[in-house]
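Here the structure comes first, spelled out in structure tokens, and everything after it is commentary.
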Amino acid sequence: MLVQSLNAERQSRHQVPLSGSISIDTLCDIAHVSQRTLHNSFVSILGISPMHFIRLNRLNHVRRRLCDPDSTSTVSQIANDRGFYHLGKFAQDYRHLFGERPSVTLSRYRANPMLEA
């Protein structure tokens, strides 16, 4: 119910920022719940905290941009656009999640634009 509420509310009047990151307070406002309720709901439904979910979401957005063969942005630009300013930590988290360095992803999709992400 909370996830459905978040999706419906976001689509109707709240647009999550395309760059940077969404805050816990924004999620609470969208869902009309307290931080405690938000945290407990995320942990019970997804098994992760809201902050971890937000970070995974941001990493996935970065990967989608890196896989865009038409993009001329660098890894640093794309990471900064999604709110990752400590590039060493970003690269470590990216590699942990996707099993490769962000630069490898970028190179592969720029070299062969016919690949699907």
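Residues in the structure tokens are named by chain (A, B, ... in the order shown) and by number from 1 within that chain; ligands are numbered from 1 in the order shown.
Close contacts of Pro50 in chain A, defined as residues with an atom at most 7 Å away when counting only C-alpha atoms, with chain neighbours fewer than 4 positions off set aside, comprise His39, Phe42 and Ile54 of chain A.
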Which neighbours of range 61-64 of chain A fall inside 8 Å, counting only C-alpha atoms, when residues of the same chain fewer than 5 positions from it are skipped, and could you give them as a PyMOL selection string?
chain A and resi 78-79+82+102+105+117
DSSP on the backbone: which residues in range 1-115 of chain A end up as alpha helix (DSSP H)? Give the answer as an mmCIF file with C-alpha atoms, in the first residue's frame.
```cif
data_model
loop_
_atom_site.group_PDB
_atom_site.id
_atom_site.type_symbol
_atom_site.label_atom_id
_atom_site.label_comp_id
_atom_site.auth_asym_id
_atom_site.auth_seq_id
_atom_site.Cartn_x
_atom_site.Cartn_y
_atom_site.Cartn_z
ATOM 1 C CA LEU A 2 2.828 2.428 0.840
ATOM 2 C CA VAL A 3 4.623 1.753 -2.454
ATOM 3 C CA GLN A 4 1.377 2.206 -4.399
ATOM 4 C CA SER A 5 0.753 5.446 -2.542
ATOM 5 C CA LEU A 6 4.261 6.662 -3.387
ATOM 6 C CA ASN A 7 3.839 5.842 -7.063
ATOM 7 C CA ALA A 8 0.393 7.390 -7.374
ATOM 8 C CA GLU A 9 1.364 10.539 -5.505
ATOM 9 C CA ARG A 10 4.569 10.976 -7.479
ATOM 10 C CA GLN A 11 2.773 10.631 -10.783
ATOM 11 C CA SER A 12 -0.047 12.968 -9.866
ATOM 12 C CA ILE A 24 13.654 10.900 3.212
ATOM 13 C CA ASP A 25 11.553 13.945 4.115
ATOM 14 C CA THR A 26 10.268 14.133 0.538
ATOM 15 C CA LEU A 27 9.319 10.448 0.620
ATOM 16 C CA CYS A 28 7.533 11.003 3.933
ATOM 17 C CA ASP A 29 5.629 13.960 2.482
ATOM 18 C CA ILE A 30 4.618 11.986 -0.609
ATOM 19 C CA ALA A 31 3.450 8.984 1.427
ATOM 20 C CA GLN A 35 10.058 8.721 9.078
ATOM 21 C CA ARG A 36 9.624 5.819 11.472
ATOM 22 C CA THR A 37 6.661 4.417 9.515
ATOM 23 C CA LEU A 38 8.517 4.888 6.243
ATOM 24 C CA HIS A 39 11.586 3.076 7.575
ATOM 25 C CA ASN A 40 9.567 0.230 9.084
ATOM 26 C CA SER A 41 7.583 -0.189 5.855
ATOM 27 C CA PHE A 42 10.700 -0.328 3.688
ATOM 28 C CA VAL A 43 12.392 -2.824 5.977
ATOM 29 C CA SER A 44 9.340 -5.071 6.280
ATOM 30 C CA ILE A 45 8.473 -5.020 2.558
ATOM 31 C CA LEU A 46 11.836 -4.677 0.805
ATOM 32 C CA PRO A 50 14.799 3.864 2.552
ATOM 33 C CA MET A 51 18.307 5.338 2.209
ATOM 34 C CA HIS A 52 19.642 2.083 0.762
ATOM 35 C CA PHE A 53 16.702 1.969 -1.656
ATOM 36 C CA ILE A 54 17.370 5.549 -2.754
ATOM 37 C CA ARG A 55 21.062 4.784 -3.297
ATOM 38 C CA LEU A 56 20.271 1.663 -5.365
ATOM 39 C CA ASN A 57 17.785 3.669 -7.407
ATOM 40 C CA ARG A 58 20.386 6.360 -8.089
ATOM 41 C CA LEU A 59 22.967 3.723 -9.103
ATOM 42 C CA ASN A 60 20.453 2.180 -11.511
ATOM 43 C CA HIS A 61 19.778 5.596 -13.060
ATOM 44 C CA VAL A 62 23.519 6.052 -13.573
ATOM 45 C CA ARG A 63 23.771 2.640 -15.243
ATOM 46 C CA ARG A 64 20.928 3.482 -17.620
ATOM 47 C CA ARG A 65 22.717 6.669 -18.664
ATOM 48 C CA LEU A 66 26.034 4.848 -19.051
ATOM 49 C CA VAL A 75 31.222 8.820 -15.932
ATOM 50 C CA SER A 76 31.992 11.721 -13.584
ATOM 51 C CA GLN A 77 29.334 13.958 -15.137
ATOM 52 C CA ILE A 78 26.684 11.247 -14.986
ATOM 53 C CA ALA A 79 27.568 10.338 -11.391
ATOM 54 C CA ASN A 80 27.509 13.999 -10.332
ATOM 55 C CA ASP A 81 24.142 14.506 -12.047
ATOM 56 C CA LEU A 87 33.640 9.228 -7.071
ATOM 57 C CA GLY A 88 35.760 6.566 -5.363
ATOM 58 C CA LYS A 89 32.849 5.473 -3.167
ATOM 59 C CA PHE A 90 30.505 5.685 -6.154
ATOM 60 C CA ALA A 91 32.765 3.440 -8.257
ATOM 61 C CA GLN A 92 33.066 0.948 -5.393
ATOM 62 C CA ASP A 93 29.271 0.800 -4.893
ATOM 63 C CA TYR A 94 28.682 0.555 -8.661
ATOM 64 C CA ARG A 95 31.122 -2.314 -8.998
ATOM 65 C CA HIS A 96 29.596 -4.115 -6.020
ATOM 66 C CA LEU A 97 26.095 -3.842 -7.528
ATOM 67 C CA PHE A 98 26.852 -4.459 -11.210
ATOM 68 C CA PRO A 102 31.354 2.246 -14.504
ATOM 69 C CA SER A 103 33.980 3.046 -17.142
ATOM 70 C CA VAL A 104 33.738 -0.523 -18.471
ATOM 71 C CA THR A 105 29.972 -0.182 -18.832
ATOM 72 C CA LEU A 106 30.379 3.128 -20.628
ATOM 73 C CA SER A 107 33.072 1.798 -22.976
ATOM 74 C CA ARG A 108 31.114 -1.325 -23.878
ATOM 75 C CA TYR A 109 27.949 0.537 -24.854
ATOM 76 C CA ARG A 110 29.768 3.329 -26.686
ATOM 77 C CA ALA A 111 31.806 0.794 -28.643
#
```
